[in-house]
>>> print(open('coords-v2.txt').read())   # compact mmCIF, C-alpha atoms
# COMPACT_ATOMS: atom_id res chain seq x y z
CA ALA R 19 -93.36 42.98 -2.52
CA LEU R 20 -95.33 46.22 -2.67
CA ARG R 21 -94.27 46.76 -6.27
CA LEU R 22 -95.52 43.33 -7.18
CA ASP R 23 -98.83 43.52 -5.36
CA PRO R 24 -99.78 46.77 -3.55
CA SER R 25 -103.01 45.11 -2.42
CA TRP R 26 -101.12 42.63 -0.24
CA ALA R 27 -101.72 43.76 3.36
CA GLU R 28 -98.86 41.65 4.69
CA ALA R 29 -96.39 43.61 2.58
CA HIS R 30 -97.51 46.89 4.13
CA VAL R 31 -97.09 45.39 7.61
CA CYS R 32 -93.62 44.13 6.73
CA ARG R 33 -92.67 47.61 5.51
CA GLY R 34 -94.14 49.13 8.67
CA ASP R 35 -92.12 46.77 10.85
CA ASN R 36 -88.90 47.78 9.07
CA LEU R 37 -89.72 51.48 9.43
CA ARG R 38 -90.64 51.08 13.09
CA ALA R 39 -87.39 49.22 13.79
CA GLY R 40 -85.57 52.21 12.31
CA GLY R 41 -87.41 54.68 14.50
CA ARG R 42 -89.51 56.09 11.64
CA TYR R 43 -92.76 55.80 13.56
CA ALA R 44 -94.96 58.16 11.53
CA GLU R 45 -94.13 56.35 8.30
CA ALA R 46 -94.60 53.00 10.02
CA ALA R 47 -98.04 54.08 11.26
CA ALA R 48 -99.00 55.07 7.71
CA ALA R 49 -97.92 51.64 6.43
CA TYR R 50 -100.00 49.85 9.07
CA GLU R 51 -102.98 52.04 8.23
CA SER R 52 -102.55 51.05 4.58
CA ALA R 53 -102.61 47.39 5.60
CA LEU R 54 -105.79 47.93 7.60
CA SER R 55 -107.46 49.70 4.70
CA LEU R 56 -107.00 46.43 2.81
CA ARG R 57 -107.75 44.06 5.67
CA ALA R 58 -109.61 45.54 8.64
CA ASP R 59 -109.35 42.40 10.76
CA TYR R 60 -105.55 42.15 10.60
CA PHE R 61 -104.47 41.72 14.24
CA ASP R 62 -100.76 42.33 13.68
CA ALA R 63 -101.48 45.59 11.87
CA HIS R 64 -103.68 46.89 14.70
CA HIS R 65 -101.18 45.84 17.36
CA SER R 66 -98.18 47.30 15.55
CA LEU R 67 -100.08 50.50 14.73
CA ALA R 68 -100.79 50.86 18.44
CA SER R 69 -97.09 50.53 19.21
CA ALA R 70 -96.14 53.11 16.59
CA ARG R 71 -98.78 55.54 17.83
CA GLU R 72 -97.54 55.07 21.38
CA LYS R 73 -94.00 55.95 20.27
CA LEU R 74 -95.40 59.07 18.59
CA GLY R 75 -97.10 60.09 21.83
CA ASP R 76 -100.59 59.53 20.44
CA LEU R 77 -101.89 57.68 23.49
CA PRO R 78 -105.62 57.89 22.65
CA GLY R 79 -104.82 56.55 19.19
CA ALA R 80 -102.67 53.79 20.64
CA GLN R 81 -105.46 52.87 23.05
CA ALA R 82 -107.97 52.64 20.19
CA SER R 83 -105.64 50.40 18.20
CA TYR R 84 -104.90 48.11 21.14
CA GLU R 85 -108.62 47.87 21.83
CA SER R 86 -109.20 46.85 18.21
CA ALA R 87 -106.43 44.27 18.45
CA CYS R 88 -107.78 42.89 21.74
CA ALA R 89 -111.25 42.62 20.23
CA LEU R 90 -109.80 40.40 17.51
CA ARG R 91 -107.81 38.27 19.99
CA PRO R 92 -109.41 38.63 23.42
CA ALA R 93 -107.22 35.85 24.87
CA ASP R 94 -103.92 37.53 23.91
CA ALA R 95 -102.44 38.44 27.29
CA ARG R 96 -99.58 40.47 25.78
CA CYS R 97 -102.01 42.68 23.89
CA VAL R 98 -104.18 43.20 26.97
CA THR R 99 -101.10 44.10 29.03
CA ASN R 100 -100.02 46.63 26.42
CA LEU R 101 -103.50 48.15 26.52
CA GLY R 102 -103.14 48.46 30.28
CA ILE R 103 -99.82 50.28 29.90
CA VAL R 104 -101.33 52.86 27.56
CA LEU R 105 -104.29 53.33 29.91
CA ARG R 106 -101.93 53.87 32.85
CA ARG R 107 -99.92 56.41 30.88
CA GLN R 108 -103.16 58.36 30.43
CA ASN R 109 -103.82 58.12 34.19
CA LYS R 110 -106.83 55.89 33.60
CA LEU R 111 -105.86 53.85 36.63
CA SER R 112 -109.05 51.85 37.23
CA ALA R 113 -109.21 50.82 33.57
CA ALA R 114 -105.51 49.94 33.59
CA GLU R 115 -105.98 47.83 36.71
CA ALA R 116 -108.85 45.96 35.05
CA ALA R 117 -106.71 45.31 31.95
CA TYR R 118 -103.80 43.96 34.00
CA ARG R 119 -106.08 41.70 36.02
CA ARG R 120 -107.56 40.39 32.80
CA ALA R 121 -104.09 39.75 31.37
CA LEU R 122 -103.12 37.83 34.50
CA SER R 123 -106.26 35.73 34.28
CA LEU R 124 -105.26 34.80 30.73
CA SER R 125 -101.58 34.13 31.33
CA PRO R 126 -99.75 35.04 34.56
CA SER R 127 -96.45 36.81 33.91
CA ALA R 128 -93.91 38.80 35.88
CA ARG R 129 -94.51 41.78 33.58
CA ALA R 130 -98.25 41.88 34.24
CA HIS R 131 -97.81 41.31 37.99
CA ALA R 132 -95.36 44.22 38.17
CA ALA R 133 -97.58 46.47 36.07
CA LEU R 134 -100.57 45.68 38.26
CA GLY R 135 -98.52 46.33 41.40
CA ASN R 136 -97.47 49.74 40.13
CA VAL R 137 -100.99 50.83 39.20
CA LEU R 138 -102.34 49.59 42.54
CA ALA R 139 -99.66 51.61 44.34
CA LEU R 140 -100.68 54.72 42.40
CA GLN R 141 -104.19 54.18 43.77
CA ASN R 142 -102.75 53.78 47.32
CA LYS R 143 -103.81 50.13 47.45
CA LEU R 144 -100.53 49.26 49.08
CA ASP R 145 -101.31 45.80 50.47
CA GLU R 146 -102.54 44.61 47.08
CA ALA R 147 -99.64 46.34 45.35
CA LEU R 148 -97.13 44.53 47.57
CA GLU R 149 -98.82 41.20 46.86
CA SER R 150 -98.56 41.76 43.09
CA LEU R 151 -94.96 42.93 43.26
CA ASP R 152 -94.05 39.94 45.44
CA ALA R 153 -95.48 37.73 42.68
CA ALA R 154 -93.48 39.64 40.05
CA VAL R 155 -90.21 39.21 41.96
CA ASP R 156 -90.97 35.55 42.70
CA ALA R 157 -91.45 34.97 38.96
CA SER R 158 -88.40 37.02 37.97
CA PRO R 159 -86.01 37.53 40.92
CA SER R 160 -83.57 39.68 38.94
CA ASP R 161 -86.22 42.10 37.62
CA ALA R 162 -84.65 45.35 38.77
CA LYS R 163 -87.69 47.50 38.04
CA ALA R 164 -90.01 45.19 39.99
CA LEU R 165 -87.54 45.16 42.90
CA ASN R 166 -87.33 48.95 42.89
CA SER R 167 -91.12 49.28 42.72
CA ARG R 168 -91.51 46.88 45.63
CA GLY R 169 -88.99 48.93 47.57
CA VAL R 170 -91.04 52.07 47.01
CA VAL R 171 -94.19 50.33 48.24
CA ARG R 172 -92.42 48.87 51.28
CA GLU R 173 -91.04 52.29 52.19
CA GLU R 174 -94.51 53.83 51.91
CA MET R 175 -95.80 51.04 54.18
CA GLY R 176 -93.25 51.95 56.86
CA LYS R 177 -90.85 49.09 56.19
CA PRO R 178 -87.59 50.97 55.48
CA ALA R 179 -85.19 48.06 56.09
CA ASP R 180 -87.07 45.84 53.64
CA ALA R 181 -87.27 48.73 51.19
CA LEU R 182 -83.51 49.32 51.35
CA ALA R 183 -82.89 45.62 50.68
CA ASP R 184 -85.04 45.88 47.55
CA PHE R 185 -83.34 49.05 46.31
CA GLU R 186 -79.91 47.49 46.80
CA ALA R 187 -80.99 44.28 45.06
CA ALA R 188 -82.38 46.31 42.14
CA ALA R 189 -79.14 48.27 41.80
CA ALA R 190 -77.13 45.04 41.88
CA ALA R 191 -79.39 43.34 39.34
CA GLU R 192 -79.07 46.22 36.88
CA PRO R 193 -75.85 48.23 37.31
CA GLY R 194 -76.43 51.81 36.25
CA PHE R 195 -80.12 51.76 37.19
CA ALA R 196 -80.04 55.36 38.44
CA LYS R 197 -83.43 55.36 40.15
CA ALA R 198 -82.64 52.30 42.28
CA GLU R 199 -79.16 53.58 43.10
CA HIS R 200 -80.56 56.95 44.15
CA ASN R 201 -83.27 55.33 46.28
CA ALA R 202 -80.71 53.11 47.99
CA ARG R 203 -78.35 56.03 48.76
CA ARG R 204 -81.18 58.24 49.99
CA LEU R 205 -82.77 55.64 52.26
CA ARG R 206 -79.43 54.37 53.58
CA ALA R 207 -78.47 57.92 54.57
CA GLN R 208 -81.89 58.47 56.16
CA LEU R 209 -81.61 55.30 58.24
CA GLN R 210 -78.09 56.23 59.32
CA ARG R 211 -79.29 59.68 60.43
CA GLU R 212 -82.15 58.13 62.38
CA GLU R 213 -79.79 55.65 64.04
CA THR R 214 -77.42 58.47 65.02
CA THR R 215 -80.31 60.47 66.47
CA VAL R 216 -81.44 57.48 68.54
CA GLN R 217 -77.90 56.90 69.80
CA MET R 218 -77.47 60.54 70.74
CA GLY R 219 -80.80 60.49 72.53
CA ALA R 220 -79.81 57.38 74.46
CA GLU R 221 -76.46 58.90 75.39
CA GLY R 222 -78.19 62.09 76.53
CA GLU R 223 -80.60 60.18 78.73
CA ALA R 224 -77.72 58.20 80.22
CA ALA R 225 -75.84 61.42 80.98
CA GLN R 226 -78.89 62.96 82.67
CA THR R 227 -79.39 59.83 84.77
CA ALA R 228 -75.76 59.86 85.82
CA ALA R 229 -75.99 63.56 86.75
CA ARG R 230 -79.02 62.93 88.93
CA ARG R 231 -77.21 60.14 90.74
CA ALA R 232 -74.04 62.17 91.31
>>> encode(input="coords-v2.txt", output="C-alpha cells")
Amino acid sequence: ALRLDPSWAEAHVCRGDNLRAGGRYAEAAAAYESALSLRADYFDAHHSLASAREKLGDLPGAQASYESACALRPADARCVTNLGIVLRRQNKLSAAEAAYRRALSLSPSARAHAALGNVLALQNKLDEALESLDAAVDASPSDAKALNSRGVVREEMGKPADALADFEAAAAAEPGFAKAEHNARRLRAQLQREETTVQMGAEGEAAQTAARRA
C-alpha cells in the first residue's frame, strides 16, 4: 500500500501495527509519526504511537501521545485509562487517580476499578482503595491481579485472614502467579507463627496458675 500511495496515512498505521506486533517498537513509532505528519488528527495513530513509546520506555512521550488521543476522543474510556497507567508509572499519582475516575465515569470496567484501587493504595487512601478493588473483583471475580491487590490492601488495613483468602484466590485463579503465591505463603506462615505464640502464651499462663494453686 505504501508503494502505491505513500501519502495514505492509514497505510503507515497498518505498517506500524505490524511492526509493533513483532516487537519492533522504534520502527513502529516512526511509522505512526509518518502517519501523523500526513494526518494530525488521526486518533489511532496517536494512540498506537503512545503504546509504542510506552514499550520503548519513553513515558513522557507516551503521555503526550495519549493526551493527544484523548483530546480527539474525550469519551474513549480505554484511552483515558491508558493515560492513567502511564501517569502512574511516572509516579504522578494524583493525575493518574483523576484519569481513572474520569474513565470510570465514562464506562465502568474492572480494569479501571482495579487501576484506581492500586493508585489510591499508593496514596494510603486505603478505605477508598478497598472500595475500588471490591468493585473490580465484583466485576471480574477471577481477576488474579485485582484479588492480589485487594489482599495487599486488606493486610495493610489489619485484616490478615481476609488478605490470605484473597492471596489464595489469586493464586488459584492464575496458577504460576508468583507474587500471589509468595504473599499467600508468607502470610500463612506469619499467621501460623502468631497462633503458635498465642497457644504457648496460654499454656504458660495455665502452668503458672496451676503452680500457684499447688
>>> residues_around(input="coords-v2.txt", residues="segment 70-86 of chain R", least_positions_apart="3", cutoff="8 Å", atoms="all atoms listed in the file", output="PyMOL selection string")
chain R and resi 38+43-44+46-47+64-67+89-90+97-98+100-101+104-105+107-108
>>> atom_distance(input="coords-v2.txt", atom1="atom CA of Ala198 of chain R", atom2="atom CA of Val155 of chain R")
15.1 Å
>>> atom_distance(input="coords-v2.txt", atom1="atom CA of Gly135 of chain R", atom2="atom CA of Ala157 of chain R")
13.6 Å
>>> residues_around(input="coords-v2.txt", residues="segment 169-176 of chain R", least_positions_apart="6", cutoff="7 Å", atoms="only C-alpha atoms", output="PyMOL selection string")
chain R and resi 139+144+148+182+184-185
>>> axis_aligned_box(input="coords-v2.txt", around="segment 54-71 of chain R", padding_each_side="8 Å", output="JSON")
{"center_x": -102.9, "center_y": 48.6, "center_z": 11.0, "size_x": 29.5, "size_y": 29.8, "size_z": 32.4}
>>> atom_distance(input="coords-v2.txt", atom1="atom CA of Leu122 of chain R", atom2="atom CA of Leu134 of chain R")
9.1 Å
>>> closest_residue(input="coords-v2.txt", among="R:Gln210, R:Asn109, R:Ser125, R:Gln141", to="Ala95 of chain R", atoms="all atoms listed in the file")
R:Ser125
>>> closest_residue(input="coords-v2.txt", among="R:Ser69, R:Tyr60, R:Glu146, R:Arg204", to="Asp35 of chain R", atoms="all atoms listed in the file")
R:Ser69
>>> residues_near_point(input="coords-v2.txt", point="(-80.8, 51.5, 45.0)", cutoff="8 Å", atoms="only C-alpha atoms", output="ChimeraX atom specification")
/R:166,182,184-189,195-203
>>> residues_near_point(input="coords-v2.txt", point="(-91.4, 47.4, 39.7)", cutoff="8 Å", atoms="all atoms listed in the file", output="list in words")
Ala132, Ala133, Gly135, Asn136, Leu151, Asp161, Ala162, Lys163, Ala164, Leu165, Asn166, Ser167 and Arg168 of chain R
>>> decode(input="coords-v2.txt", residues="segment 158-169 of chain R", atoms="all heavy atoms", output="PDB file, in the first residue's frame")
ATOM      1  N   SER R 158     -15.151  -8.787  37.970  1.00  0.00           N
ATOM      2  CA  SER R 158     -14.347  -9.853  37.373  1.00  0.00           C
ATOM      3  C   SER R 158     -13.783 -10.727  38.494  1.00  0.00           C
ATOM      4  O   SER R 158     -12.632 -10.546  38.915  1.00  0.00           O
ATOM      5  CB  SER R 158     -13.215  -9.250  36.525  1.00  0.00           C
ATOM      6  OG  SER R 158     -12.458 -10.259  35.903  1.00  0.00           O
ATOM      7  N   PRO R 159     -14.585 -11.679  39.002  1.00  0.00           N
ATOM      8  CA  PRO R 159     -14.191 -12.453  40.185  1.00  0.00           C
ATOM      9  C   PRO R 159     -12.911 -13.268  40.036  1.00  0.00           C
ATOM     10  O   PRO R 159     -12.299 -13.626  41.037  1.00  0.00           O
ATOM     11  CB  PRO R 159     -15.402 -13.371  40.408  1.00  0.00           C
ATOM     12  CG  PRO R 159     -16.540 -12.670  39.747  1.00  0.00           C
ATOM     13  CD  PRO R 159     -15.949 -11.980  38.560  1.00  0.00           C
ATOM     14  N   SER R 160     -12.512 -13.573  38.814  1.00  0.00           N
ATOM     15  CA  SER R 160     -11.301 -14.376  38.615  1.00  0.00           C
ATOM     16  C   SER R 160     -10.088 -13.522  38.227  1.00  0.00           C
ATOM     17  O   SER R 160      -9.075 -14.054  37.767  1.00  0.00           O
ATOM     18  CB  SER R 160     -11.544 -15.431  37.530  1.00  0.00           C
ATOM     19  OG  SER R 160     -11.865 -14.816  36.291  1.00  0.00           O
ATOM     20  N   ASP R 161     -10.181 -12.216  38.426  1.00  0.00           N
ATOM     21  CA  ASP R 161      -9.066 -11.327  38.110  1.00  0.00           C
ATOM     22  C   ASP R 161      -8.005 -11.482  39.198  1.00  0.00           C
ATOM     23  O   ASP R 161      -8.117 -10.913  40.287  1.00  0.00           O
ATOM     24  CB  ASP R 161      -9.560  -9.877  38.027  1.00  0.00           C
ATOM     25  CG  ASP R 161      -8.479  -8.902  37.574  1.00  0.00           C
ATOM     26  OD1 ASP R 161      -7.291  -9.183  37.800  1.00  0.00           O
ATOM     27  OD2 ASP R 161      -8.833  -7.855  36.986  1.00  0.00           O
ATOM     28  N   ALA R 162      -6.979 -12.246  38.900  1.00  0.00           N
ATOM     29  CA  ALA R 162      -5.974 -12.577  39.908  1.00  0.00           C
ATOM     30  C   ALA R 162      -5.235 -11.339  40.410  1.00  0.00           C
ATOM     31  O   ALA R 162      -4.948 -11.226  41.611  1.00  0.00           O
ATOM     32  CB  ALA R 162      -4.982 -13.586  39.332  1.00  0.00           C
ATOM     33  N   LYS R 163      -4.934 -10.424  39.513  1.00  0.00           N
ATOM     34  CA  LYS R 163      -4.182  -9.236  39.934  1.00  0.00           C
ATOM     35  C   LYS R 163      -5.020  -8.355  40.857  1.00  0.00           C
ATOM     36  O   LYS R 163      -4.511  -7.799  41.840  1.00  0.00           O
ATOM     37  CB  LYS R 163      -3.693  -8.470  38.714  1.00  0.00           C
ATOM     38  CG  LYS R 163      -2.592  -9.201  37.951  1.00  0.00           C
ATOM     39  CD  LYS R 163      -2.103  -8.411  36.765  1.00  0.00           C
ATOM     40  CE  LYS R 163      -0.913  -9.125  36.110  1.00  0.00           C
ATOM     41  NZ  LYS R 163      -1.226 -10.488  35.678  1.00  0.00           N
ATOM     42  N   ALA R 164      -6.321  -8.219  40.555  1.00  0.00           N
ATOM     43  CA  ALA R 164      -7.194  -7.441  41.431  1.00  0.00           C
ATOM     44  C   ALA R 164      -7.330  -8.120  42.790  1.00  0.00           C
ATOM     45  O   ALA R 164      -7.326  -7.452  43.838  1.00  0.00           O
ATOM     46  CB  ALA R 164      -8.563  -7.251  40.787  1.00  0.00           C
ATOM     47  N   LEU R 165      -7.449  -9.442  42.796  1.00  0.00           N
ATOM     48  CA  LEU R 165      -7.534 -10.179  44.059  1.00  0.00           C
ATOM     49  C   LEU R 165      -6.263  -9.989  44.886  1.00  0.00           C
ATOM     50  O   LEU R 165      -6.325  -9.749  46.099  1.00  0.00           O
ATOM     51  CB  LEU R 165      -7.759 -11.660  43.784  1.00  0.00           C
ATOM     52  CG  LEU R 165      -9.167 -12.057  43.333  1.00  0.00           C
ATOM     53  CD1 LEU R 165      -9.154 -13.444  42.706  1.00  0.00           C
ATOM     54  CD2 LEU R 165     -10.137 -12.031  44.522  1.00  0.00           C
ATOM     55  N   ASN R 166      -5.114 -10.079  44.232  1.00  0.00           N
ATOM     56  CA  ASN R 166      -3.858  -9.906  44.953  1.00  0.00           C
ATOM     57  C   ASN R 166      -3.737  -8.486  45.505  1.00  0.00           C
ATOM     58  O   ASN R 166      -3.334  -8.283  46.658  1.00  0.00           O
ATOM     59  CB  ASN R 166      -2.678 -10.214  44.030  1.00  0.00           C
ATOM     60  CG  ASN R 166      -1.353 -10.131  44.759  1.00  0.00           C
ATOM     61  OD1 ASN R 166      -1.022 -10.989  45.579  1.00  0.00           O
ATOM     62  ND2 ASN R 166      -0.580  -9.088  44.468  1.00  0.00           N
ATOM     63  N   SER R 167      -4.117  -7.505  44.683  1.00  0.00           N
ATOM     64  CA  SER R 167      -4.053  -6.110  45.144  1.00  0.00           C
ATOM     65  C   SER R 167      -4.985  -5.891  46.325  1.00  0.00           C
ATOM     66  O   SER R 167      -4.634  -5.194  47.294  1.00  0.00           O
ATOM     67  CB  SER R 167      -4.428  -5.166  43.999  1.00  0.00           C
ATOM     68  OG  SER R 167      -3.463  -5.205  42.967  1.00  0.00           O
ATOM     69  N   ARG R 168      -6.175  -6.479  46.276  1.00  0.00           N
ATOM     70  CA  ARG R 168      -7.095  -6.335  47.400  1.00  0.00           C
ATOM     71  C   ARG R 168      -6.520  -6.990  48.651  1.00  0.00           C
ATOM     72  O   ARG R 168      -6.667  -6.476  49.766  1.00  0.00           O
ATOM     73  CB  ARG R 168      -8.466  -6.926  47.065  1.00  0.00           C
ATOM     74  CG  ARG R 168      -9.520  -6.605  48.127  1.00  0.00           C
ATOM     75  CD  ARG R 168     -10.905  -7.021  47.709  1.00  0.00           C
ATOM     76  NE  ARG R 168     -11.082  -8.472  47.685  1.00  0.00           N
ATOM     77  CZ  ARG R 168     -12.240  -9.086  47.465  1.00  0.00           C
ATOM     78  NH1 ARG R 168     -13.334  -8.364  47.225  1.00  0.00           N
ATOM     79  NH2 ARG R 168     -12.324 -10.409  47.446  1.00  0.00           N
ATOM     80  N   GLY R 169      -5.843  -8.116  48.462  1.00  0.00           N
ATOM     81  CA  GLY R 169      -5.203  -8.760  49.593  1.00  0.00           C
ATOM     82  C   GLY R 169      -4.155  -7.870  50.246  1.00  0.00           C
ATOM     83  O   GLY R 169      -4.056  -7.786  51.479  1.00  0.00           O
TER      84      GLY R 169
END
